[in-house]
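S.K.: For reference, this is upload25.cif, and it has mmCIF, C-alpha atoms and all ligand atoms.
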```
data_coords
#
loop_
_atom_site.label_atom_id
_atom_site.label_comp_id
_atom_site.auth_asym_id
_atom_site.auth_seq_id
_atom_site.Cartn_x
_atom_site.Cartn_y
_atom_site.Cartn_z
CA MET A 1 14.69 -29.61 -19.34
CA ALA A 2 14.83 -26.54 -21.46
CA PHE A 3 16.63 -24.34 -19.00
CA ASN A 4 20.23 -25.32 -18.69
CA GLY A 5 23.54 -23.89 -19.62
CA MET A 6 22.81 -20.22 -20.03
CA MET A 7 23.49 -18.66 -16.70
CA SER A 8 26.62 -17.90 -14.82
CA ILE A 9 26.21 -19.10 -11.28
CA ASP A 10 29.12 -18.78 -8.92
CA THR A 11 30.20 -22.42 -8.86
CA SER A 12 32.09 -22.05 -5.59
CA THR A 13 28.79 -22.20 -3.72
CA ALA A 14 27.02 -24.57 -6.10
CA GLN A 15 25.96 -27.89 -4.64
CA PRO A 16 24.28 -30.80 -6.32
CA GLY A 17 20.59 -31.10 -5.59
CA GLY A 18 17.40 -29.12 -5.76
CA ARG A 19 18.37 -25.63 -4.66
CA GLU A 20 20.54 -24.80 -7.63
CA ALA A 21 17.88 -26.27 -9.91
CA LEU A 22 15.40 -23.75 -8.47
CA ASP A 23 17.84 -20.87 -8.96
CA ARG A 24 18.46 -21.97 -12.55
CA ALA A 25 14.74 -22.30 -13.15
CA LEU A 26 14.16 -18.69 -12.05
CA VAL A 27 16.94 -17.52 -14.37
CA ALA A 28 15.35 -19.48 -17.22
CA ILE A 29 11.95 -17.91 -16.52
CA GLY A 30 13.54 -14.48 -16.68
CA ALA A 31 15.57 -15.14 -19.81
CA GLU A 32 13.23 -17.36 -21.83
CA ARG A 33 9.75 -17.25 -20.25
CA ASP A 34 10.24 -20.97 -19.71
CA ARG A 35 6.97 -22.55 -18.53
CA ALA A 36 8.50 -25.90 -17.56
CA ALA A 37 10.88 -23.98 -15.30
CA PHE A 38 7.91 -22.06 -13.87
CA ALA A 39 6.08 -25.32 -13.11
CA LEU A 40 9.16 -26.59 -11.25
CA VAL A 41 9.32 -23.44 -9.12
CA PHE A 42 5.57 -23.53 -8.54
CA ARG A 43 5.55 -27.17 -7.40
CA HIS A 44 8.30 -26.47 -4.88
CA PHE A 45 7.10 -23.18 -3.47
CA ALA A 46 3.30 -23.07 -3.76
CA PRO A 47 2.63 -25.57 -0.95
CA ARG A 48 5.13 -23.79 1.30
CA LEU A 49 3.71 -20.38 0.47
CA ARG A 50 0.21 -21.65 1.24
CA ALA A 51 1.40 -22.91 4.65
CA PHE A 52 3.16 -19.55 5.17
CA MET A 53 -0.04 -17.58 4.51
CA ILE A 54 -2.24 -19.85 6.63
CA ARG A 55 0.22 -19.71 9.49
CA GLY A 56 0.12 -15.91 9.13
CA GLY A 57 -3.65 -15.87 9.66
CA CYS A 58 -5.16 -16.18 6.17
CA ASP A 59 -8.12 -18.45 5.55
CA ARG A 60 -7.73 -21.03 2.78
CA GLY A 61 -9.37 -18.86 0.13
CA ASP A 62 -7.22 -15.80 0.84
CA ALA A 63 -4.13 -17.98 1.09
CA GLU A 64 -4.79 -19.51 -2.33
CA GLU A 65 -5.37 -16.08 -3.86
CA ILE A 66 -2.19 -14.59 -2.37
CA VAL A 67 -0.12 -17.62 -3.37
CA GLN A 68 -1.32 -17.23 -6.95
CA ASP A 69 -0.48 -13.51 -6.84
CA VAL A 70 3.00 -14.28 -5.52
CA MET A 71 3.61 -16.81 -8.28
CA VAL A 72 2.41 -14.40 -10.98
CA THR A 73 4.80 -11.82 -9.49
CA VAL A 74 7.59 -14.41 -9.65
CA TRP A 75 6.84 -14.84 -13.36
CA ARG A 76 6.78 -11.09 -13.99
CA ARG A 77 9.87 -10.23 -11.96
CA ALA A 78 12.07 -13.22 -12.77
CA GLU A 79 14.26 -11.06 -14.98
CA THR A 80 15.33 -9.08 -11.91
CA PHE A 81 16.37 -12.26 -10.04
CA ASP A 82 20.14 -12.47 -9.61
CA PRO A 83 21.37 -15.79 -8.18
CA ARG A 84 24.58 -14.08 -6.99
CA GLN A 85 22.49 -11.83 -4.75
CA ALA A 86 19.87 -14.21 -3.40
CA SER A 87 18.74 -17.80 -3.47
CA ALA A 88 15.35 -18.66 -4.92
CA SER A 89 13.98 -19.19 -1.39
CA THR A 90 15.18 -15.83 -0.12
CA TRP A 91 13.95 -13.98 -3.18
CA ILE A 92 10.51 -15.59 -3.08
CA PHE A 93 10.31 -15.07 0.69
CA THR A 94 10.70 -11.30 0.18
CA ILE A 95 8.01 -11.26 -2.53
CA ALA A 96 5.62 -13.24 -0.33
CA ARG A 97 6.31 -11.03 2.69
CA ASN A 98 5.63 -7.85 0.71
CA ARG A 99 2.52 -9.30 -0.91
CA ARG A 100 1.15 -10.25 2.51
CA ILE A 101 1.71 -6.70 3.81
CA ASP A 102 0.06 -5.29 0.72
CA ARG A 103 -2.96 -7.59 0.77
CA LEU A 104 -3.64 -8.00 4.48
CA ARG A 105 -2.51 -4.68 5.92
CA ARG A 106 -3.08 -2.52 2.85
CA GLU A 107 0.14 -0.71 3.66
CA ARG A 108 3.12 0.31 1.64
CA ARG A 109 6.44 -1.27 2.42
CA PRO A 110 9.16 1.37 1.96
CA GLU A 111 12.37 -0.24 0.73
CA LEU A 112 15.74 1.05 -0.30
CA ASP A 113 16.47 1.66 -3.97
CA PRO A 114 19.73 -0.03 -5.02
CA ASN A 115 20.15 2.60 -7.77
CA ASP A 116 19.72 5.58 -5.42
CA PRO A 117 22.54 8.12 -5.97
CA ALA A 118 22.44 8.71 -2.20
CA LEU A 119 23.29 5.06 -1.48
CA VAL A 120 26.48 4.79 0.54
CA PRO A 121 28.35 1.93 -1.15
CA ASP A 122 29.83 -1.03 0.69
CA ALA A 123 33.27 -0.34 2.05
CA PRO A 124 35.97 -2.12 0.07
CA ARG A 125 37.13 -5.21 1.93
CA SER A 126 40.19 -7.35 1.69
CA ALA A 127 39.62 -10.97 0.66
CA ASP A 128 39.97 -12.39 4.17
CA GLN A 129 37.36 -9.96 5.49
CA SER A 130 34.84 -11.03 2.91
CA LEU A 131 31.33 -11.04 4.27
CA ALA A 132 29.93 -12.77 1.21
CA LEU A 133 26.90 -14.77 2.24
CA SER A 134 26.58 -18.38 1.41
CA GLN A 135 23.30 -18.73 -0.42
CA ASP A 136 23.22 -22.43 0.37
CA THR A 137 20.21 -22.48 2.67
CA ARG A 138 20.54 -26.17 3.55
CA ARG A 139 23.12 -25.57 6.28
CA LEU A 140 20.97 -22.75 7.56
CA GLU A 141 17.87 -24.96 7.60
CA SER A 142 19.56 -27.70 9.59
CA ALA A 143 20.89 -25.05 11.99
CA ILE A 144 17.34 -23.72 12.45
CA ALA A 145 16.06 -27.25 13.02
CA THR A 146 18.58 -27.79 15.81
CA LEU A 147 17.95 -24.51 17.63
CA PRO A 148 16.46 -24.90 21.12
CA GLN A 149 12.65 -24.94 20.82
CA GLU A 150 12.30 -21.69 22.81
CA GLN A 151 14.50 -19.88 20.27
CA ARG A 152 12.88 -21.46 17.22
CA ASP A 153 9.45 -20.55 18.56
CA ILE A 154 10.39 -16.87 18.57
CA LEU A 155 11.77 -17.04 15.02
CA GLU A 156 8.54 -18.72 13.86
CA ARG A 157 6.41 -16.05 15.48
CA ALA A 158 8.52 -13.37 13.81
CA TYR A 159 8.81 -14.80 10.30
CA TYR A 160 5.59 -16.82 9.98
CA ASP A 161 3.21 -14.77 12.11
CA GLU A 162 4.80 -11.42 11.17
CA LYS A 163 4.89 -10.30 14.81
CA PRO A 164 7.30 -7.62 16.05
CA HIS A 165 9.44 -8.70 19.00
CA SER A 166 7.55 -6.39 21.36
CA VAL A 167 4.27 -8.16 20.51
CA ILE A 168 5.94 -11.57 20.85
CA ALA A 169 6.89 -10.55 24.39
CA GLU A 170 3.27 -9.55 25.15
CA GLU A 171 1.80 -12.71 23.66
CA THR A 172 4.18 -15.12 25.33
CA GLY A 173 4.26 -13.26 28.63
CA LEU A 174 8.05 -13.26 28.45
CA PRO A 175 10.00 -10.18 29.54
CA LEU A 176 11.11 -8.13 26.51
CA GLY A 177 14.74 -8.68 27.53
CA THR A 178 14.25 -12.46 27.37
CA VAL A 179 12.75 -12.26 23.88
CA LYS A 180 15.65 -10.09 22.74
CA SER A 181 18.32 -12.34 24.23
CA ARG A 182 16.75 -15.46 22.68
CA LEU A 183 16.62 -13.71 19.33
CA ARG A 184 20.25 -12.67 19.62
CA LEU A 185 21.33 -16.17 20.58
CA ALA A 186 19.40 -17.70 17.68
CA LEU A 187 20.62 -15.16 15.12
CA GLY A 188 24.20 -15.39 16.37
CA ARG A 189 24.10 -19.15 15.85
CA LEU A 190 22.56 -18.84 12.37
CA ARG A 191 24.96 -16.11 11.30
CA LYS A 192 27.82 -18.59 11.69
CA GLU A 193 26.18 -20.71 8.99
CA VAL A 194 25.85 -17.97 6.39
CA ARG A 195 29.17 -16.15 6.76
CA ASP A 196 32.37 -17.08 4.98
CA HIS A 197 32.54 -20.83 5.30
CA GLY A 198 32.81 -21.38 1.55
CA MET B 1 35.44 19.45 1.54
CA GLY B 2 34.80 16.89 4.24
CA GLU B 3 31.66 18.79 5.08
CA ILE B 4 30.30 18.53 1.56
CA GLU B 5 31.09 14.84 1.34
CA ARG B 6 29.39 14.28 4.64
CA THR B 7 26.29 16.05 3.47
CA LEU B 8 26.04 14.54 0.03
CA GLY B 9 26.81 10.91 0.73
CA GLY B 10 27.75 8.97 -2.40
CA ASP B 11 31.33 7.82 -2.68
CA GLY B 12 32.47 10.13 0.07
CA GLY B 13 29.65 9.06 2.36
CA ARG B 14 30.61 8.40 5.95
CA LEU B 15 29.62 5.12 7.50
CA PRO B 16 27.12 5.41 10.34
CA VAL B 17 28.19 4.39 13.82
CA HIS B 18 24.74 4.32 15.48
CA HIS B 19 22.56 1.59 13.97
CA ILE B 20 19.03 0.21 13.90
CA GLY B 21 19.57 -2.72 16.22
CA GLU B 22 19.19 -6.37 15.40
CA GLU B 23 15.70 -6.91 16.89
CA LEU B 24 14.15 -4.02 14.99
CA LEU B 25 15.92 -5.07 11.81
CA LEU B 26 14.47 -8.55 12.27
CA ASP B 27 11.00 -7.00 12.64
CA TYR B 28 11.61 -5.21 9.34
CA ALA B 29 12.97 -8.32 7.59
CA ALA B 30 9.93 -10.29 8.73
CA GLY B 31 7.54 -7.58 7.52
CA ALA B 32 6.38 -6.69 11.04
CA THR B 33 7.21 -2.96 11.11
CA SER B 34 4.70 -0.21 10.35
CA GLU B 35 5.04 1.85 7.19
CA ALA B 36 6.43 4.70 9.32
CA MET B 37 9.14 2.58 10.96
CA SER B 38 9.92 0.91 7.64
CA LEU B 39 10.44 4.31 6.03
CA LEU B 40 13.05 5.28 8.61
CA ILE B 41 14.74 1.87 8.63
CA ALA B 42 14.95 1.67 4.82
CA SER B 43 16.36 5.22 4.64
CA HIS B 44 19.04 4.23 7.15
CA LEU B 45 19.76 1.14 5.03
CA ALA B 46 20.55 3.39 2.05
CA LEU B 47 23.23 5.07 4.16
CA CYS B 48 24.52 1.99 6.00
CA PRO B 49 26.25 -0.95 4.28
CA MET B 50 26.57 -2.74 7.61
CA CYS B 51 22.84 -2.89 8.27
CA ARG B 52 22.25 -3.85 4.62
CA GLN B 53 24.52 -6.83 5.20
CA GLN B 54 22.64 -7.72 8.36
CA LEU B 55 19.31 -7.43 6.56
CA ALA B 56 20.57 -9.73 3.79
CA GLU B 57 21.36 -12.31 6.47
CA LEU B 58 17.96 -11.93 8.07
CA GLU B 59 16.23 -12.34 4.70
CA LEU B 60 18.33 -15.42 4.05
CA VAL B 61 16.98 -16.80 7.33
CA GLY B 62 13.50 -15.88 6.05
CA GLY B 63 14.13 -17.92 2.91
CA ALA B 64 15.26 -20.88 4.98
CA MET B 65 12.18 -20.52 7.22
CA LEU B 66 9.97 -20.56 4.12
CA ASP B 67 11.73 -23.65 2.83
CA ALA B 68 11.31 -25.36 6.19
CA LEU B 69 7.52 -25.22 5.95
CA PRO B 70 5.67 -28.48 5.17
CA ASP B 71 6.28 -29.79 1.68
CA ASP B 72 2.68 -30.78 0.95
CA GLU B 73 1.49 -32.12 -2.34
CA CYS B 74 1.26 -29.37 -4.95
CA ASP B 75 -2.27 -28.54 -6.03
CA GLU B 76 -2.10 -29.06 -9.80
CA ALA B 77 -5.40 -27.24 -10.34
CA SER B 78 -3.82 -24.17 -8.75
CA LEU B 79 -0.82 -24.44 -11.08
CA ASP B 80 -3.17 -24.71 -14.07
CA ALA B 81 -5.06 -21.64 -12.87
CA VAL B 82 -1.86 -19.59 -12.65
CA LEU B 83 -0.61 -20.80 -16.04
CA ALA B 84 -3.95 -19.74 -17.52
CA ARG B 85 -3.52 -16.32 -15.86
CA LEU B 86 -0.11 -15.92 -17.47
CA ASP B 87 -1.85 -16.33 -20.85
CA ARG B 88 -4.86 -14.23 -20.06
CA ASP B 89 -3.88 -11.32 -17.80
CA ASP B 90 -1.52 -8.48 -18.29
CA VAL B 91 1.59 -10.07 -16.86
CA THR B 92 4.19 -7.97 -18.64
CA PRO B 93 7.65 -8.84 -17.41
CA VAL B 94 9.30 -6.27 -15.16
CA GLN B 95 12.68 -5.08 -16.44
CA PRO B 96 15.50 -4.28 -14.05
CA THR B 97 15.38 -0.54 -13.35
CA ALA B 98 18.12 1.73 -14.66
CA PRO B 99 20.13 3.99 -12.34
CA VAL B 100 18.93 7.58 -11.97
CA ALA B 101 21.14 9.79 -14.13
CA ALA B 102 20.49 13.24 -12.73
CA ASP B 103 21.66 14.26 -9.30
CA PRO B 104 18.47 15.00 -7.38
CA ALA B 105 20.18 17.01 -4.62
CA VAL B 106 18.67 20.42 -3.87
CA ASP B 107 20.66 23.08 -1.98
CA GLY B 108 23.39 20.51 -1.42
CA ILE B 109 21.01 18.19 0.42
CA LEU B 110 20.50 14.72 -0.97
CA LEU B 111 17.83 12.76 0.84
CA PRO B 112 18.11 8.97 0.60
CA GLU B 113 15.37 6.80 -0.84
CA PRO B 114 12.73 5.82 0.08
CA LEU B 115 12.40 9.09 2.03
CA ARG B 116 13.02 11.20 -1.10
CA SER B 117 10.00 9.65 -2.82
CA TYR B 118 7.85 10.56 0.18
CA VAL B 119 8.88 14.21 0.47
CA GLY B 120 10.47 15.17 -2.87
CA SER B 121 13.90 16.69 -3.30
CA ASP B 122 13.09 20.29 -2.41
CA LEU B 123 12.61 20.69 1.31
CA ASN B 124 11.65 24.34 0.90
CA LYS B 125 8.38 23.28 -0.71
CA LEU B 126 7.25 21.50 2.44
CA GLY B 127 4.98 23.01 5.08
CA TRP B 128 7.40 23.78 7.91
CA LYS B 129 6.13 24.99 11.27
CA ARG B 130 8.14 26.64 14.01
CA ARG B 131 7.56 24.55 17.14
CA ILE B 132 9.79 26.28 19.61
CA ARG B 133 12.80 28.49 19.30
CA GLY B 134 15.39 26.58 17.32
CA LEU B 135 13.10 23.84 16.08
CA ASP B 136 11.06 23.59 12.87
CA GLU B 137 8.94 20.57 12.11
CA CYS B 138 7.15 19.20 9.07
CA VAL B 139 4.75 16.34 9.78
CA LEU B 140 4.58 13.73 7.03
CA PRO B 141 1.36 11.84 6.24
CA VAL B 142 2.57 8.29 6.86
CA GLY B 143 0.58 5.55 8.57
CA GLY B 144 1.50 3.77 11.77
CA ALA B 145 3.15 6.48 13.89
CA ARG B 146 3.94 10.16 14.00
CA VAL B 147 6.52 10.85 11.31
CA SER B 148 8.17 14.20 10.82
CA LEU B 149 11.15 16.00 9.47
CA MET B 150 12.80 18.07 12.18
CA ARG B 151 15.18 20.94 11.62
CA ILE B 152 17.14 21.89 14.72
CA HIS B 153 18.90 25.18 14.16
CA GLN B 154 22.65 25.18 14.47
CA GLY B 155 23.69 25.18 18.10
CA ALA B 156 20.12 24.94 19.43
CA SER B 157 19.37 22.72 22.43
CA MET B 158 16.14 20.81 22.77
CA PRO B 159 14.36 20.64 26.12
CA LYS B 160 15.04 17.62 28.26
CA HIS B 161 12.46 14.89 27.78
CA THR B 162 11.85 11.16 27.90
CA HIS B 163 9.50 8.97 25.91
CA ALA B 164 6.63 6.71 26.85
CA GLY B 165 7.38 4.69 23.73
CA ASN B 166 10.14 4.54 21.18
CA GLU B 167 11.51 7.40 19.17
CA LEU B 168 13.82 6.76 16.27
CA THR B 169 15.72 9.70 14.83
CA LEU B 170 17.73 9.43 11.62
CA VAL B 171 20.18 12.27 10.95
CA LEU B 172 20.09 13.53 7.35
CA THR B 173 22.32 16.62 7.49
CA GLY B 174 24.41 18.22 10.20
CA GLY B 175 24.53 16.49 13.53
CA PHE B 176 23.52 16.58 17.16
CA THR B 177 24.97 15.47 20.44
CA ASP B 178 23.30 14.13 23.56
CA ALA B 179 24.56 12.38 26.68
CA ARG B 180 25.09 9.17 24.71
CA GLY B 181 27.24 10.55 21.95
CA SER B 182 27.36 12.37 18.64
CA TYR B 183 25.07 11.64 15.73
CA LEU B 184 25.85 12.53 12.12
CA ARG B 185 24.32 11.73 8.72
CA GLY B 186 23.08 8.14 8.66
CA ASP B 187 23.15 7.66 12.42
CA VAL B 188 20.02 6.50 14.20
CA ALA B 189 19.24 7.50 17.77
CA VAL B 190 16.89 5.02 19.42
CA THR B 191 15.26 6.50 22.48
CA ASP B 192 12.93 4.65 24.83
CA GLN B 193 11.46 5.46 28.23
CA HIS B 194 14.75 4.72 29.95
CA VAL B 195 16.61 7.49 28.18
CA ASP B 196 16.37 11.06 29.37
CA HIS B 197 17.93 13.08 26.60
CA GLN B 198 18.52 16.62 25.55
CA PRO B 199 19.91 16.80 22.03
CA THR B 200 21.96 19.82 20.98
CA ALA B 201 22.58 20.53 17.31
CA ASP B 202 26.16 20.97 16.17
CA LEU B 203 27.36 24.53 15.74
CA ASP B 204 28.39 24.41 12.09
CA GLU B 205 25.02 23.84 10.41
CA ASP B 206 21.35 23.07 10.99
CA CYS B 207 20.57 19.48 11.81
CA LEU B 208 17.90 17.87 9.64
CA CYS B 209 16.43 14.61 10.96
CA LEU B 210 13.65 12.17 10.23
CA ALA B 211 11.88 11.27 13.46
CA VAL B 212 9.34 8.52 14.11
CA VAL B 213 7.54 8.25 17.43
CA ASP B 214 5.30 5.33 18.28
CA ALA B 215 3.95 6.69 21.59
CA PRO B 216 3.65 10.05 23.39
CA LEU B 217 6.56 11.70 25.17
CA ARG B 218 6.94 12.58 28.82
CA LEU B 219 8.68 15.78 29.80
CA THR B 220 11.13 15.78 32.64
CA GLY B 221 12.28 19.39 32.73
CA ARG B 222 10.58 22.77 33.00
CA MET B 223 8.55 23.16 29.86
CA THR B 224 5.76 25.23 28.51
CA ARG B 225 4.12 23.63 25.52
CA PHE B 226 5.57 21.16 23.18
CA LEU B 227 5.01 18.82 20.32
CA ASN B 228 6.63 15.50 19.66
CA PRO B 229 8.80 13.83 18.40
CA PHE B 230 11.18 15.88 20.45
CA LEU B 231 8.55 17.53 22.51
CA ARG B 232 4.94 17.04 23.46
CA ILE B 233 2.81 17.57 26.53
ZN ZN A 301 23.30 0.66 10.28
#
```
Could you rewrite the structure in this file as structure tokens?
M.R.:
Amino acid sequence: MAFNGMMSIDTSTAQPGGREALDRALVAIGAERDRAAFALVFRHFAPRLRAFMIRGGCDRGDAEEIVQDVMVTVWRRAETFDPRQASASTWIFTIARNRRIDRLRRERRPELDPNDPALVPDAPRSADQSLALSQDTRRLESAIATLPQEQRDILERAYYDEKPHSVIAEETGLPLGTVKSRLRLALGRLRKEVRDHG
Amino acid sequence: MGEIERTLGGDGGRLPVHHIGEELLLDYAAGATSEAMSLLIASHLALCPMCRQQLAELELVGGAMLDALPDDECDEASLDAVLARLDRDDVTPVQPTAPVAADPAVDGILLPEPLRSYVGSDLNKLGWKRRIRGLDECVLPVGGARVSLMRIHQGASMPKHTHAGNELTLVLTGGFTDARGSYLRGDVAVTDQHVDHQPTADLDEDCLCLAVVDAPLRLTGRMTRFLNPFLRI
């Protein structure tokens, strides 16, 4: 493939397999407008994005249109992708989430500006306090797969259906406190997988 | 000097001690908060490295959730359609944005983004209204909830009240104290129907806050007429 050897990925978190290939492909799109790299990213993410939109309430036509929009945005914004900051999955998830808000709710999504002079910078940390996130989502995915069904169900309603936890409580008939405690248990378990195990 | 650092943020910025809360941050990460709530949450994020870290984790979970969706066969016709769009449409690449050079603070007050883009840098240009003695309010046109800037005059106490829904208050300058503690720049006070509170602004300067209310308030003390977020009949 045309897109190897030009980026500097932190090799301490690099693993063989598909995830790094997707990260590298995004870098190659940004640096070289590489269409083969774009096709690789498209073939991996388009079916998942379509499922994401349909699960979130889109009909097939809307889903197809939004997926195409997301992928065009991926092409346009690839230069801003930084594999040290996010994995391909995380980065594309945020684009898809924002596109869904824009298209289905017709609302703005206020976000912080990383270049804002008002930004309070991260506190300096010593090496053993490092909170660097592992961008290897495979461990995270297997942790999600092994969560108790009642916890995974709430995560799916939040991330796929875009429901706030208060609405999840109404829809499931669960007390709000139960929804919150299941969320906390699930997120506490998942946090172990993304923090400092490199 | 500590006062100026506290007001301006930047390198001398204090770290908040009252945060958004994990459930609400998850709502935001999943895209489930209204524009109004998102505005307050994102403005807190600018002032709070800890919640930024937590959000990064929640978005990482979002990426893993996306990846866990069924890996169906890719529709090659759809890929061809997008490749054709890349040739045909205006799909100019987006360059990374450069840092803002000028200091946009006015009168020593530096609002964080994204709030600054909503209201501008100069608070004096906004339409402030005196609500009660010691409290000025400027309602912002944002969808999804009542959103306003509140200026509590130094040392002023607000009437005691509770809320039928949730009120989130983000301190931008100065500070206030209620029964639960002290709130300074970057701190978020989350108030629901179980909290009966009576904030009092610190003595040294006016307290400027961003307040978002998603349901009407209920008064618990003697009151005449009020408006939310702090006050409404
Ligand atoms: Zn925080």
S.K.: What do you get as a VMD selection string if you pick all residues at most 6 Å from ligand ZN 301 (chain A), counting all atoms listed in the file?
M.R.: chain B and resid 19 to 20 48 50 to 51
S.K.: Taking all atoms listed in the file into account, produce a table as JSON lines in which each residue of chain B with an atom at most 7 Å from an atom of chain A appears once, together with its shortest atom pair and the distance in Å to one decimal, ordered by chain and rising number.
M.R.:
```
{"residue": "B:Gly9", "atom": "CA", "partner": "A:Ala118", "partner_atom": "CA", "distance": 5.7}
{"residue": "B:Gly10", "atom": "CA", "partner": "A:Val120", "partner_atom": "CA", "distance": 5.3}
{"residue": "B:Asp11", "atom": "CA", "partner": "A:Val120", "partner_atom": "CA", "distance": 6.6}
{"residue": "B:Gly13", "atom": "CA", "partner": "A:Val120", "partner_atom": "CA", "distance": 5.6}
{"residue": "B:Glu23", "atom": "CA", "partner": "A:Lys180", "partner_atom": "CA", "distance": 6.7}
{"residue": "B:Asp27", "atom": "CA", "partner": "A:Pro164", "partner_atom": "CA", "distance": 5.1}
{"residue": "B:Ala30", "atom": "CA", "partner": "A:Tyr159", "partner_atom": "CA", "distance": 4.9}
{"residue": "B:Gly31", "atom": "CA", "partner": "A:Glu162", "partner_atom": "CA", "distance": 6.0}
{"residue": "B:Ala32", "atom": "CA", "partner": "A:Glu162", "partner_atom": "CA", "distance": 5.0}
{"residue": "B:Thr33", "atom": "CA", "partner": "A:Pro164", "partner_atom": "CA", "distance": 6.8}
{"residue": "B:Glu35", "atom": "CA", "partner": "A:Arg109", "partner_atom": "CA", "distance": 5.9}
{"residue": "B:Ser38", "atom": "CA", "partner": "A:Pro110", "partner_atom": "CA", "distance": 5.7}
{"residue": "B:Leu39", "atom": "CA", "partner": "A:Pro110", "partner_atom": "CA", "distance": 5.2}
{"residue": "B:Ala42", "atom": "CA", "partner": "A:Glu111", "partner_atom": "CA", "distance": 5.2}
{"residue": "B:Ser43", "atom": "CA", "partner": "A:Leu112", "partner_atom": "CA", "distance": 6.5}
{"residue": "B:Leu45", "atom": "CA", "partner": "A:Leu112", "partner_atom": "CA", "distance": 6.7}
{"residue": "B:Ala46", "atom": "CA", "partner": "A:Leu119", "partner_atom": "CA", "distance": 4.8}
{"residue": "B:Leu47", "atom": "CA", "partner": "A:Val120", "partner_atom": "CA", "distance": 4.9}
{"residue": "B:Cys48", "atom": "CA", "partner": "A:Val120", "partner_atom": "CA", "distance": 6.4}
{"residue": "B:Pro49", "atom": "CA", "partner": "A:Asp122", "partner_atom": "CA", "distance": 5.1}
{"residue": "B:Glu59", "atom": "CA", "partner": "A:Thr90", "partner_atom": "CA", "distance": 6.0}
{"residue": "B:Leu60", "atom": "CA", "partner": "A:Thr90", "partner_atom": "CA", "distance": 5.2}
{"residue": "B:Gly62", "atom": "CA", "partner": "A:Phe93", "partner_atom": "CA", "distance": 6.3}
{"residue": "B:Gly63", "atom": "CA", "partner": "A:Thr90", "partner_atom": "CA", "distance": 3.8}
{"residue": "B:Ala64", "atom": "CA", "partner": "A:Glu141", "partner_atom": "CA", "distance": 5.5}
{"residue": "B:Leu66", "atom": "CA", "partner": "A:Arg48", "partner_atom": "CA", "distance": 6.5}
{"residue": "B:Asp67", "atom": "CA", "partner": "A:Ser89", "partner_atom": "CA", "distance": 6.5}
{"residue": "B:Ala68", "atom": "CA", "partner": "A:Glu141", "partner_atom": "CA", "distance": 6.7}
{"residue": "B:Leu69", "atom": "CA", "partner": "A:Arg48", "partner_atom": "CA", "distance": 5.4}
{"residue": "B:Pro70", "atom": "CA", "partner": "A:Arg48", "partner_atom": "CA", "distance": 6.1}
{"residue": "B:Asp71", "atom": "CA", "partner": "A:Arg48", "partner_atom": "CA", "distance": 6.1}
{"residue": "B:Asp72", "atom": "CA", "partner": "A:Pro47", "partner_atom": "CA", "distance": 5.5}
{"residue": "B:Glu73", "atom": "CA", "partner": "A:Pro47", "partner_atom": "CA", "distance": 6.8}
{"residue": "B:Cys74", "atom": "CA", "partner": "A:Arg43", "partner_atom": "CA", "distance": 5.4}
{"residue": "B:Leu79", "atom": "CA", "partner": "A:Phe42", "partner_atom": "CA", "distance": 6.9}
{"residue": "B:Val82", "atom": "CA", "partner": "A:Gln68", "partner_atom": "CA", "distance": 6.2}
{"residue": "B:Val91", "atom": "CA", "partner": "A:Arg76", "partner_atom": "CA", "distance": 6.0}
{"residue": "B:Thr92", "atom": "CA", "partner": "A:Arg76", "partner_atom": "CA", "distance": 6.2}
{"residue": "B:Pro93", "atom": "CA", "partner": "A:Arg76", "partner_atom": "CA", "distance": 4.2}
{"residue": "B:Val94", "atom": "CA", "partner": "A:Arg77", "partner_atom": "CA", "distance": 5.1}
{"residue": "B:Gln95", "atom": "CA", "partner": "A:Glu79", "partner_atom": "CA", "distance": 6.4}
{"residue": "B:Pro96", "atom": "CA", "partner": "A:Thr80", "partner_atom": "CA", "distance": 5.3}
{"residue": "B:Pro99", "atom": "CA", "partner": "A:Asn115", "partner_atom": "CA", "distance": 4.8}
{"residue": "B:Val100", "atom": "CA", "partner": "A:Asn115", "partner_atom": "CA", "distance": 6.6}
{"residue": "B:Leu110", "atom": "CA", "partner": "A:Ala118", "partner_atom": "CA", "distance": 6.4}
{"residue": "B:Leu111", "atom": "CA", "partner": "A:Ala118", "partner_atom": "CA", "distance": 6.8}
{"residue": "B:Pro112", "atom": "CA", "partner": "A:Ala118", "partner_atom": "CA", "distance": 5.2}
{"residue": "B:Glu113", "atom": "CA", "partner": "A:Leu112", "partner_atom": "CA", "distance": 5.8}
{"residue": "B:Pro114", "atom": "CA", "partner": "A:Leu112", "partner_atom": "CA", "distance": 5.7}
```
S.K.: Find the residue from A:Asp34, A:Leu104, A:Ala21, A:Glu171 that sits nearest to A:Met53; use only C-alpha atoms when measuring.
M.R.: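 Among the listed residues, A:Leu104 lies closest to A:Met53.
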S.K.: Please indicate the distance in Å from atom CA of B:Leu115 to atom CA of B:Ala179, rounded to one decimal place.
M.R.: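 Computing the Euclidean distance for atom CA of B:Leu115 and atom CA of B:Ala179 yields 27.7 Å.
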S.K.: With all atoms listed in the file as the basis for distance, which of B:Arg88, B:Arg52, B:Val212, B:Gln154 is at the shortest distance from B:Leu170?
M.R.: B:Val212
S.K.: What does the distance between atom CA of B:Gln54 and atom CA of B:Ala29 come to in Å, to one decimal place?
M.R.: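 Atom-to-atom, atom CA of B:Gln54 and atom CA of B:Ala29 are spaced 9.7 Å apart.
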S.K.: Quote the spacing between atom CA of B:Val147 and atom CA of B:Gly108 in Å to one decimal place.
M.R.: 23.2 Å
S.K.: Of the residues B:Asp206, B:Thr191, B:Val213, B:Leu149, which is the one nearest to B:Phe176, using only C-alpha atoms?
M.R.: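 Once distances to B:Phe176 are computed over only C-alpha atoms, the minimum belongs to B:Asp206.
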